[in-house]
>>> print(open('entry_7.txt').read())   # compact mmCIF, N, CA and C atoms
# COMPACT_ATOMS: atom_id res chain seq x y z
N MET A 345 48.54 54.68 85.88
CA MET A 345 49.72 54.66 86.68
C MET A 345 49.35 54.75 88.15
N LEU A 346 49.24 55.96 88.72
CA LEU A 346 48.80 56.08 90.10
C LEU A 346 47.39 56.61 90.11
N ASN A 347 46.65 56.08 90.93
CA ASN A 347 45.27 56.51 91.08
C ASN A 347 45.24 57.70 92.01
N PRO A 348 44.60 58.85 91.63
CA PRO A 348 44.58 60.03 92.48
C PRO A 348 43.93 59.79 93.82
N SER A 349 43.20 58.75 93.97
CA SER A 349 42.51 58.52 95.24
C SER A 349 43.30 57.60 96.15
N THR A 350 44.50 57.24 95.80
CA THR A 350 45.28 56.34 96.66
C THR A 350 45.75 57.09 97.89
N PRO A 351 45.96 56.40 98.97
CA PRO A 351 46.37 57.07 100.21
C PRO A 351 47.83 57.57 100.15
N GLN A 352 48.65 57.04 99.24
CA GLN A 352 50.04 57.49 99.16
C GLN A 352 50.21 58.73 98.26
N MET A 353 49.18 59.19 97.66
CA MET A 353 49.28 60.31 96.73
C MET A 353 49.84 61.57 97.38
N PRO A 354 49.41 62.00 98.54
CA PRO A 354 50.00 63.19 99.15
C PRO A 354 51.50 63.02 99.44
N GLN A 355 51.89 61.82 99.89
CA GLN A 355 53.31 61.59 100.15
C GLN A 355 54.11 61.63 98.85
N MET A 356 53.57 61.07 97.78
CA MET A 356 54.24 61.07 96.49
C MET A 356 54.38 62.50 95.96
N MET A 357 53.36 63.31 96.15
CA MET A 357 53.42 64.70 95.71
C MET A 357 54.48 65.47 96.51
N MET A 358 54.57 65.17 97.80
CA MET A 358 55.56 65.84 98.62
C MET A 358 56.97 65.42 98.18
N VAL A 359 57.19 64.15 97.90
CA VAL A 359 58.49 63.67 97.44
C VAL A 359 58.82 64.32 96.09
N ALA A 360 57.83 64.40 95.21
CA ALA A 360 58.05 65.02 93.90
C ALA A 360 58.39 66.51 94.08
N GLY A 361 57.77 67.18 95.01
CA GLY A 361 58.07 68.59 95.30
C GLY A 361 59.50 68.74 95.81
N PHE A 362 59.92 67.83 96.71
CA PHE A 362 61.29 67.89 97.21
C PHE A 362 62.31 67.64 96.10
N VAL A 363 62.00 66.67 95.22
CA VAL A 363 62.90 66.38 94.11
C VAL A 363 62.98 67.60 93.19
N LEU A 364 61.85 68.21 92.89
CA LEU A 364 61.83 69.40 92.05
C LEU A 364 62.59 70.56 92.71
N LEU A 365 62.39 70.75 94.01
CA LEU A 365 63.11 71.79 94.73
C LEU A 365 64.62 71.52 94.71
N GLY A 366 65.01 70.29 94.93
CA GLY A 366 66.42 69.92 94.88
C GLY A 366 67.02 70.18 93.50
N TRP A 367 66.28 69.82 92.46
CA TRP A 367 66.74 70.04 91.08
C TRP A 367 66.94 71.53 90.80
N ILE A 368 65.97 72.36 91.24
CA ILE A 368 66.06 73.80 91.01
C ILE A 368 67.25 74.39 91.77
N LEU A 369 67.43 73.99 93.03
CA LEU A 369 68.56 74.50 93.80
C LEU A 369 69.89 74.04 93.22
N LEU A 370 69.97 72.82 92.73
CA LEU A 370 71.20 72.32 92.12
C LEU A 370 71.54 73.10 90.86
N ARG A 371 70.54 73.36 90.02
CA ARG A 371 70.78 74.14 88.80
C ARG A 371 71.23 75.55 89.14
N ARG A 372 70.62 76.14 90.16
CA ARG A 372 70.99 77.49 90.58
C ARG A 372 72.45 77.53 91.04
N GLN A 373 72.82 76.52 91.84
CA GLN A 373 74.20 76.45 92.32
C GLN A 373 75.18 76.27 91.18
N LEU A 374 74.85 75.43 90.21
CA LEU A 374 75.74 75.20 89.07
C LEU A 374 75.88 76.46 88.22
N ARG A 375 74.80 77.18 88.02
CA ARG A 375 74.87 78.43 87.25
C ARG A 375 75.74 79.47 87.96
N ALA A 376 75.61 79.57 89.29
CA ALA A 376 76.42 80.52 90.04
C ALA A 376 77.89 80.15 89.93
N ARG A 377 78.23 78.88 90.02
CA ARG A 377 79.62 78.46 89.87
C ARG A 377 80.14 78.76 88.47
N ARG A 378 79.31 78.53 87.47
CA ARG A 378 79.71 78.80 86.09
C ARG A 378 79.98 80.29 85.90
N ARG A 379 79.14 81.15 86.50
CA ARG A 379 79.37 82.59 86.41
C ARG A 379 80.69 82.97 87.08
N ILE A 380 80.97 82.37 88.23
CA ILE A 380 82.22 82.65 88.92
C ILE A 380 83.40 82.20 88.07
N TRP A 381 83.32 81.03 87.46
CA TRP A 381 84.40 80.54 86.61
C TRP A 381 84.60 81.44 85.40
N ASP A 382 83.48 81.89 84.80
CA ASP A 382 83.58 82.79 83.65
C ASP A 382 84.25 84.11 84.05
N ARG A 383 83.86 84.65 85.19
CA ARG A 383 84.47 85.90 85.65
C ARG A 383 85.96 85.71 85.93
N GLU A 384 86.30 84.58 86.54
CA GLU A 384 87.72 84.30 86.81
C GLU A 384 88.51 84.15 85.52
N ARG A 385 87.93 83.50 84.53
CA ARG A 385 88.59 83.35 83.24
C ARG A 385 88.78 84.71 82.57
N GLN A 386 87.75 85.56 82.62
CA GLN A 386 87.87 86.90 82.04
C GLN A 386 88.94 87.71 82.77
N HIS A 387 88.98 87.57 84.08
CA HIS A 387 90.00 88.28 84.86
C HIS A 387 91.39 87.80 84.48
N GLN A 388 91.57 86.51 84.34
CA GLN A 388 92.88 85.97 83.97
C GLN A 388 93.29 86.45 82.58
N GLN A 389 92.33 86.51 81.64
CA GLN A 389 92.64 87.01 80.30
C GLN A 389 93.04 88.49 80.36
N ALA A 390 92.34 89.26 81.16
CA ALA A 390 92.67 90.69 81.29
C ALA A 390 94.06 90.86 81.90
N VAL A 391 94.39 90.03 82.88
CA VAL A 391 95.72 90.11 83.49
C VAL A 391 96.79 89.75 82.47
N ARG A 392 96.54 88.72 81.66
CA ARG A 392 97.51 88.33 80.63
C ARG A 392 97.70 89.45 79.60
N THR A 393 96.60 90.06 79.16
CA THR A 393 96.73 91.13 78.17
C THR A 393 97.46 92.34 78.75
N LEU A 394 97.21 92.66 80.03
CA LEU A 394 97.92 93.77 80.66
C LEU A 394 99.40 93.44 80.85
N ALA A 395 99.70 92.19 81.13
CA ALA A 395 101.10 91.81 81.31
C ALA A 395 101.87 91.89 79.99
N HIS A 396 101.20 91.60 78.89
CA HIS A 396 101.86 91.63 77.59
C HIS A 396 101.78 92.99 76.92
N ASP A 397 101.08 93.92 77.53
CA ASP A 397 100.93 95.26 76.95
C ASP A 397 102.27 95.99 77.08
N GLN A 398 102.80 96.47 75.98
CA GLN A 398 104.11 97.10 75.96
C GLN A 398 103.96 98.62 75.91
N ARG A 399 103.44 99.21 76.93
CA ARG A 399 103.31 100.66 76.99
C ARG A 399 104.57 101.26 77.56
N SER A 400 104.81 102.48 77.17
CA SER A 400 105.96 103.19 77.71
C SER A 400 105.65 103.62 79.14
N GLY A 401 106.70 103.81 79.92
CA GLY A 401 106.51 104.22 81.30
C GLY A 401 106.14 105.68 81.43
N ALA A 402 106.38 106.46 80.38
CA ALA A 402 106.08 107.89 80.43
C ALA A 402 104.58 108.12 80.27
N PRO A 403 104.01 109.01 81.08
CA PRO A 403 102.59 109.29 80.92
C PRO A 403 102.33 110.01 79.59
N LEU A 404 101.24 109.69 78.97
CA LEU A 404 100.80 110.27 77.70
C LEU A 404 101.79 110.00 76.55
N ALA A 405 102.58 108.95 76.65
CA ALA A 405 103.55 108.67 75.60
C ALA A 405 102.86 108.25 74.30
N ASP A 406 101.71 107.61 74.43
CA ASP A 406 101.00 107.16 73.23
C ASP A 406 99.80 108.05 72.92
N ALA A 407 99.83 109.28 73.43
CA ALA A 407 98.72 110.21 73.21
C ALA A 407 98.85 110.84 71.81
N PRO A 408 97.76 111.43 71.33
CA PRO A 408 97.81 112.11 70.03
C PRO A 408 98.78 113.30 70.06
N VAL A 409 99.20 113.73 68.88
CA VAL A 409 100.20 114.79 68.76
C VAL A 409 99.69 116.09 69.38
N GLU A 410 98.41 116.41 69.17
CA GLU A 410 97.86 117.65 69.72
C GLU A 410 97.96 117.66 71.24
N THR A 411 97.71 116.52 71.85
CA THR A 411 97.79 116.43 73.30
C THR A 411 99.23 116.61 73.77
N LEU A 412 100.16 116.04 73.04
CA LEU A 412 101.57 116.19 73.40
C LEU A 412 102.02 117.64 73.26
N ARG A 413 101.55 118.33 72.22
CA ARG A 413 101.87 119.75 72.06
C ARG A 413 101.30 120.57 73.22
N TRP A 414 100.05 120.25 73.56
CA TRP A 414 99.41 120.95 74.67
C TRP A 414 100.18 120.70 75.96
N GLN A 415 100.62 119.47 76.18
CA GLN A 415 101.38 119.15 77.38
C GLN A 415 102.70 119.93 77.41
N GLY A 416 103.38 120.01 76.27
CA GLY A 416 104.63 120.78 76.19
C GLY A 416 104.39 122.24 76.48
N ALA A 417 103.30 122.79 75.93
CA ALA A 417 102.98 124.20 76.19
C ALA A 417 102.68 124.43 77.66
N MET A 418 102.01 123.48 78.30
CA MET A 418 101.71 123.62 79.72
C MET A 418 102.98 123.57 80.56
N PHE A 419 103.93 122.70 80.19
CA PHE A 419 105.21 122.65 80.91
C PHE A 419 105.98 123.95 80.75
N ASP A 420 105.97 124.53 79.54
CA ASP A 420 106.64 125.81 79.31
C ASP A 420 106.01 126.91 80.16
N LEU A 421 104.68 126.95 80.16
CA LEU A 421 103.97 127.95 80.96
C LEU A 421 104.29 127.78 82.44
N GLN A 422 104.37 126.54 82.89
CA GLN A 422 104.70 126.28 84.28
C GLN A 422 106.09 126.82 84.62
N ARG A 423 107.07 126.58 83.75
CA ARG A 423 108.42 127.08 83.99
C ARG A 423 108.45 128.61 84.04
N GLU A 424 107.73 129.26 83.10
CA GLU A 424 107.70 130.72 83.08
C GLU A 424 107.08 131.28 84.36
N MET A 425 105.97 130.71 84.77
CA MET A 425 105.29 131.21 85.96
C MET A 425 106.12 130.95 87.21
N GLN A 426 106.81 129.81 87.25
CA GLN A 426 107.66 129.53 88.39
C GLN A 426 108.82 130.53 88.45
N ALA A 427 109.38 130.86 87.30
CA ALA A 427 110.48 131.85 87.27
C ALA A 427 109.97 133.21 87.74
N GLU A 428 108.79 133.61 87.29
CA GLU A 428 108.23 134.89 87.72
C GLU A 428 108.01 134.91 89.23
N LEU A 429 107.47 133.82 89.75
CA LEU A 429 107.23 133.76 91.19
C LEU A 429 108.54 133.82 91.97
N GLU A 430 109.55 133.11 91.52
CA GLU A 430 110.83 133.14 92.21
C GLU A 430 111.43 134.54 92.18
N THR A 431 111.30 135.24 91.05
CA THR A 431 111.80 136.61 90.95
C THR A 431 111.07 137.52 91.93
N LYS A 432 109.76 137.40 91.98
CA LYS A 432 108.98 138.23 92.90
C LYS A 432 109.32 137.91 94.35
N ILE A 433 109.57 136.66 94.64
CA ILE A 433 109.94 136.29 96.01
C ILE A 433 111.28 136.92 96.37
N CYS A 434 112.23 136.92 95.44
CA CYS A 434 113.53 137.54 95.70
C CYS A 434 113.38 139.05 95.93
N VAL A 435 112.54 139.70 95.15
CA VAL A 435 112.31 141.14 95.32
C VAL A 435 111.71 141.41 96.69
N VAL A 436 110.72 140.63 97.08
CA VAL A 436 110.08 140.85 98.38
C VAL A 436 111.09 140.62 99.51
N GLN A 437 111.94 139.59 99.37
CA GLN A 437 112.94 139.34 100.40
C GLN A 437 113.93 140.51 100.52
N SER A 438 114.36 141.06 99.39
CA SER A 438 115.29 142.20 99.46
C SER A 438 114.60 143.42 100.06
N LEU A 439 113.34 143.62 99.71
CA LEU A 439 112.61 144.75 100.31
C LEU A 439 112.45 144.56 101.81
N LEU A 440 112.23 143.35 102.24
CA LEU A 440 112.11 143.10 103.68
C LEU A 440 113.44 143.35 104.38
N ARG A 441 114.55 142.99 103.75
CA ARG A 441 115.87 143.28 104.34
C ARG A 441 116.06 144.80 104.47
N GLN A 442 115.67 145.55 103.44
CA GLN A 442 115.80 147.00 103.49
C GLN A 442 114.93 147.59 104.60
N VAL A 443 113.73 147.05 104.74
CA VAL A 443 112.83 147.54 105.80
C VAL A 443 113.44 147.25 107.16
N ASP A 444 114.01 146.06 107.33
CA ASP A 444 114.65 145.74 108.61
C ASP A 444 115.81 146.67 108.91
N GLN A 445 116.63 147.00 107.88
CA GLN A 445 117.75 147.92 108.08
C GLN A 445 117.26 149.31 108.47
N ARG A 446 116.23 149.78 107.79
CA ARG A 446 115.70 151.11 108.10
C ARG A 446 115.09 151.14 109.50
N MET A 447 114.42 150.06 109.88
CA MET A 447 113.85 150.02 111.23
C MET A 447 114.96 150.05 112.28
N ALA A 448 116.06 149.35 111.99
CA ALA A 448 117.19 149.38 112.94
C ALA A 448 117.77 150.79 113.03
N GLU A 449 117.91 151.46 111.89
CA GLU A 449 118.41 152.84 111.90
C GLU A 449 117.48 153.76 112.67
N LEU A 450 116.16 153.59 112.48
CA LEU A 450 115.20 154.43 113.20
C LEU A 450 115.28 154.17 114.70
N ARG A 451 115.47 152.93 115.11
CA ARG A 451 115.58 152.63 116.53
C ARG A 451 116.82 153.30 117.12
N LYS A 452 117.92 153.25 116.35
CA LYS A 452 119.15 153.92 116.82
C LYS A 452 118.93 155.42 116.96
N LEU A 453 118.30 156.02 115.96
CA LEU A 453 118.04 157.46 116.01
C LEU A 453 117.10 157.80 117.16
N GLN A 454 116.11 156.97 117.38
CA GLN A 454 115.16 157.20 118.46
C GLN A 454 115.88 157.10 119.80
N ALA A 455 116.75 156.13 119.93
CA ALA A 455 117.50 155.98 121.18
C ALA A 455 118.41 157.17 121.41
N THR A 456 119.08 157.65 120.37
CA THR A 456 119.98 158.81 120.54
C THR A 456 119.19 160.07 120.85
N THR A 457 118.02 160.25 120.26
CA THR A 457 117.22 161.45 120.57
C THR A 457 116.70 161.38 121.99
N GLN A 458 116.36 160.22 122.47
CA GLN A 458 115.90 160.10 123.85
C GLN A 458 117.06 160.39 124.81
N GLN A 459 118.27 159.95 124.44
CA GLN A 459 119.43 160.25 125.29
C GLN A 459 119.71 161.74 125.28
N ASP A 460 119.60 162.35 124.12
CA ASP A 460 119.84 163.80 124.03
C ASP A 460 118.82 164.56 124.86
N ARG A 461 117.61 164.12 124.87
CA ARG A 461 116.57 164.81 125.65
C ARG A 461 116.85 164.67 127.14
N THR A 462 117.26 163.50 127.56
CA THR A 462 117.53 163.32 128.99
C THR A 462 118.81 164.04 129.40
N ILE A 463 119.81 164.08 128.54
CA ILE A 463 121.07 164.75 128.86
C ILE A 463 120.92 166.26 128.68
N GLY A 464 120.19 166.70 127.73
CA GLY A 464 120.08 168.12 127.38
C GLY A 464 119.59 169.01 128.51
N PRO A 465 118.47 168.79 129.17
CA PRO A 465 118.01 169.70 130.22
C PRO A 465 118.91 169.71 131.44
N SER A 466 119.50 168.63 131.79
CA SER A 466 120.38 168.63 132.97
C SER A 466 121.66 169.40 132.67
N ALA A 467 122.15 169.34 131.45
CA ALA A 467 123.36 170.08 131.05
C ALA A 467 123.08 171.57 131.03
N SER A 468 121.88 171.96 130.64
CA SER A 468 121.56 173.39 130.58
C SER A 468 121.39 173.97 131.98
N GLN A 469 120.98 173.16 132.94
CA GLN A 469 120.83 173.64 134.31
C GLN A 469 122.20 173.83 134.96
N SER A 470 123.16 173.02 134.59
CA SER A 470 124.49 173.12 135.23
C SER A 470 125.26 174.35 134.71
N ILE A 471 124.97 174.77 133.49
CA ILE A 471 125.62 175.95 132.94
C ILE A 471 124.80 177.17 133.35
N ASP A 472 125.43 178.08 134.01
CA ASP A 472 124.75 179.31 134.46
C ASP A 472 125.10 180.45 133.55
N PRO A 473 124.15 181.00 132.79
CA PRO A 473 124.48 182.07 131.86
C PRO A 473 124.84 183.38 132.56
N GLY A 474 124.36 183.62 133.74
CA GLY A 474 124.64 184.90 134.40
C GLY A 474 125.98 184.94 135.10
N SER A 475 126.64 183.91 135.34
CA SER A 475 127.88 183.96 136.09
C SER A 475 129.05 184.19 135.27
>>> encode(input="entry_7.txt", output="structure tokens")
Amino acid sequence: MLNPSTPQMPQMMMVAGFVLLGWILLRRQLRARRRIWDRERQHQQAVRTLAHDQRSGAPLADAPVETLRWQGAMFDLQREMQAELETKICVVQSLLRQVDQRMAELRKLQATTQQDRTIGPSASQSIDPGS
């Protein structure tokens, strides 16, 4: 066919290398496109299955019975603890109201005792026991 000693042999080898390189790059590009198409097809199938999935809107609606019992028990516990907290908050608020009332009473008493102290010595000076 071709004689290895011909002067065109290096050029022919270079052309063959370019053709081989082109073939490899073309196959690589086609495989990448095929992977993209496969992924897109899988995505479309997943979207279709999710669209046709008839799940209830309630969370854990299709959960096992034990899980549903546990969830009910947790909701009951939450209600009990919330009621206890609200009761304690009401008690603290009433105690704070009582403290505010007592502080107001103490301020009034303190003000009256200070007035008595200021009025008391001047009144005793005006009254003369010897006359």
>>> atom_distance(input="entry_7.txt", atom1="atom N of A:Leu439", atom2="atom CA of A:Ala427")
17.4 Å
>>> atom_distance(input="entry_7.txt", atom1="atom CA of A:Ala395", atom2="atom CA of A:Glu410")
28.5 Å
>>> atom_distance(input="entry_7.txt", atom1="atom CA of A:Gly416", atom2="atom C of A:Pro403")
11.5 Å
>>> decode(input="entry_7.txt", residues="stretch 345-375 of chain A", atoms="N, CA and C atoms", output="PDB file, in the first residue's frame")
ATOM      1  N   MET A 345       0.817  -1.165   0.000  1.00  0.00           N
ATOM      2  CA  MET A 345       0.000   0.000   0.000  1.00  0.00           C
ATOM      3  C   MET A 345       0.873   1.245   0.000  1.00  0.00           C
ATOM      4  N   LEU A 346       1.256   1.771   1.179  1.00  0.00           N
ATOM      5  CA  LEU A 346       2.170   2.900   1.209  1.00  0.00           C
ATOM      6  C   LEU A 346       3.523   2.413   1.658  1.00  0.00           C
ATOM      7  N   ASN A 347       4.474   2.901   1.056  1.00  0.00           N
ATOM      8  CA  ASN A 347       5.834   2.555   1.403  1.00  0.00           C
ATOM      9  C   ASN A 347       6.277   3.447   2.548  1.00  0.00           C
ATOM     10  N   PRO A 348       6.810   2.896   3.675  1.00  0.00           N
ATOM     11  CA  PRO A 348       7.207   3.717   4.809  1.00  0.00           C
ATOM     12  C   PRO A 348       8.278   4.728   4.477  1.00  0.00           C
ATOM     13  N   SER A 349       8.947   4.569   3.393  1.00  0.00           N
ATOM     14  CA  SER A 349      10.028   5.495   3.064  1.00  0.00           C
ATOM     15  C   SER A 349       9.560   6.606   2.140  1.00  0.00           C
ATOM     16  N   THR A 350       8.289   6.701   1.860  1.00  0.00           N
ATOM     17  CA  THR A 350       7.811   7.755   0.960  1.00  0.00           C
ATOM     18  C   THR A 350       7.858   9.100   1.668  1.00  0.00           C
ATOM     19  N   PRO A 351       8.012  10.158   0.941  1.00  0.00           N
ATOM     20  CA  PRO A 351       8.113  11.479   1.561  1.00  0.00           C
ATOM     21  C   PRO A 351       6.768  11.966   2.138  1.00  0.00           C
ATOM     22  N   GLN A 352       5.644  11.398   1.696  1.00  0.00           N
ATOM     23  CA  GLN A 352       4.348  11.831   2.219  1.00  0.00           C
ATOM     24  C   GLN A 352       3.949  11.094   3.514  1.00  0.00           C
ATOM     25  N   MET A 353       4.718  10.175   3.944  1.00  0.00           N
ATOM     26  CA  MET A 353       4.364   9.380   5.117  1.00  0.00           C
ATOM     27  C   MET A 353       4.157  10.219   6.373  1.00  0.00           C
ATOM     28  N   PRO A 354       5.001  11.165   6.714  1.00  0.00           N
ATOM     29  CA  PRO A 354       4.750  11.980   7.908  1.00  0.00           C
ATOM     30  C   PRO A 354       3.446  12.778   7.793  1.00  0.00           C
ATOM     31  N   GLN A 355       3.162  13.312   6.598  1.00  0.00           N
ATOM     32  CA  GLN A 355       1.916  14.054   6.424  1.00  0.00           C
ATOM     33  C   GLN A 355       0.710  13.127   6.569  1.00  0.00           C
ATOM     34  N   MET A 356       0.798  11.926   6.037  1.00  0.00           N
ATOM     35  CA  MET A 356      -0.289  10.963   6.135  1.00  0.00           C
ATOM     36  C   MET A 356      -0.517  10.553   7.597  1.00  0.00           C
ATOM     37  N   MET A 357       0.554  10.389   8.341  1.00  0.00           N
ATOM     38  CA  MET A 357       0.426  10.039   9.756  1.00  0.00           C
ATOM     39  C   MET A 357      -0.225  11.191  10.537  1.00  0.00           C
ATOM     40  N   MET A 358       0.137  12.418  10.172  1.00  0.00           N
ATOM     41  CA  MET A 358      -0.447  13.560  10.849  1.00  0.00           C
ATOM     42  C   MET A 358      -1.945  13.642  10.523  1.00  0.00           C
ATOM     43  N   VAL A 359      -2.334  13.428   9.282  1.00  0.00           N
ATOM     44  CA  VAL A 359      -3.741  13.447   8.895  1.00  0.00           C
ATOM     45  C   VAL A 359      -4.486  12.326   9.623  1.00  0.00           C
ATOM     46  N   ALA A 360      -3.878  11.151   9.705  1.00  0.00           N
ATOM     47  CA  ALA A 360      -4.505  10.029  10.400  1.00  0.00           C
ATOM     48  C   ALA A 360      -4.667  10.365  11.892  1.00  0.00           C
ATOM     49  N   GLY A 361      -3.709  11.028  12.484  1.00  0.00           N
ATOM     50  CA  GLY A 361      -3.799  11.447  13.883  1.00  0.00           C
ATOM     51  C   GLY A 361      -4.934  12.440  14.088  1.00  0.00           C
ATOM     52  N   PHE A 362      -5.061  13.404  13.154  1.00  0.00           N
ATOM     53  CA  PHE A 362      -6.161  14.366  13.257  1.00  0.00           C
ATOM     54  C   PHE A 362      -7.520  13.684  13.108  1.00  0.00           C
ATOM     55  N   VAL A 363      -7.611  12.727  12.171  1.00  0.00           N
ATOM     56  CA  VAL A 363      -8.865  12.003  11.988  1.00  0.00           C
ATOM     57  C   VAL A 363      -9.191  11.214  13.249  1.00  0.00           C
ATOM     58  N   LEU A 364      -8.202  10.547  13.820  1.00  0.00           N
ATOM     59  CA  LEU A 364      -8.410   9.787  15.047  1.00  0.00           C
ATOM     60  C   LEU A 364      -8.806  10.708  16.206  1.00  0.00           C
ATOM     61  N   LEU A 365      -8.143  11.853  16.328  1.00  0.00           N
ATOM     62  CA  LEU A 365      -8.485  12.819  17.358  1.00  0.00           C
ATOM     63  C   LEU A 365      -9.918  13.335  17.170  1.00  0.00           C
ATOM     64  N   GLY A 366     -10.282  13.643  15.953  1.00  0.00           N
ATOM     65  CA  GLY A 366     -11.642  14.093  15.657  1.00  0.00           C
ATOM     66  C   GLY A 366     -12.670  13.031  16.015  1.00  0.00           C
ATOM     67  N   TRP A 367     -12.378  11.780  15.669  1.00  0.00           N
ATOM     68  CA  TRP A 367     -13.288  10.673  15.980  1.00  0.00           C
ATOM     69  C   TRP A 367     -13.475  10.522  17.493  1.00  0.00           C
ATOM     70  N   ILE A 368     -12.363  10.607  18.245  1.00  0.00           N
ATOM     71  CA  ILE A 368     -12.433  10.465  19.700  1.00  0.00           C
ATOM     72  C   ILE A 368     -13.235  11.616  20.311  1.00  0.00           C
ATOM     73  N   LEU A 369     -12.974  12.849  19.855  1.00  0.00           N
ATOM     74  CA  LEU A 369     -13.719  13.988  20.388  1.00  0.00           C
ATOM     75  C   LEU A 369     -15.202  13.917  20.026  1.00  0.00           C
ATOM     76  N   LEU A 370     -15.528  13.450  18.829  1.00  0.00           N
ATOM     77  CA  LEU A 370     -16.920  13.310  18.426  1.00  0.00           C
ATOM     78  C   LEU A 370     -17.641  12.275  19.287  1.00  0.00           C
ATOM     79  N   ARG A 371     -16.996  11.141  19.533  1.00  0.00           N
ATOM     80  CA  ARG A 371     -17.601  10.110  20.385  1.00  0.00           C
ATOM     81  C   ARG A 371     -17.805  10.630  21.799  1.00  0.00           C
ATOM     82  N   ARG A 372     -16.835  11.383  22.304  1.00  0.00           N
ATOM     83  CA  ARG A 372     -16.946  11.940  23.650  1.00  0.00           C
ATOM     84  C   ARG A 372     -18.135  12.903  23.735  1.00  0.00           C
ATOM     85  N   GLN A 373     -18.268  13.747  22.713  1.00  0.00           N
ATOM     86  CA  GLN A 373     -19.377  14.694  22.688  1.00  0.00           C
ATOM     87  C   GLN A 373     -20.717  13.974  22.611  1.00  0.00           C
ATOM     88  N   LEU A 374     -20.802  12.932  21.806  1.00  0.00           N
ATOM     89  CA  LEU A 374     -22.057  12.181  21.681  1.00  0.00           C
ATOM     90  C   LEU A 374     -22.409  11.468  22.984  1.00  0.00           C
ATOM     91  N   ARG A 375     -21.432  10.921  23.664  1.00  0.00           N
ATOM     92  CA  ARG A 375     -21.688  10.264  24.952  1.00  0.00           C
ATOM     93  C   ARG A 375     -22.176  11.268  25.998  1.00  0.00           C
TER      94      ARG A 375
END
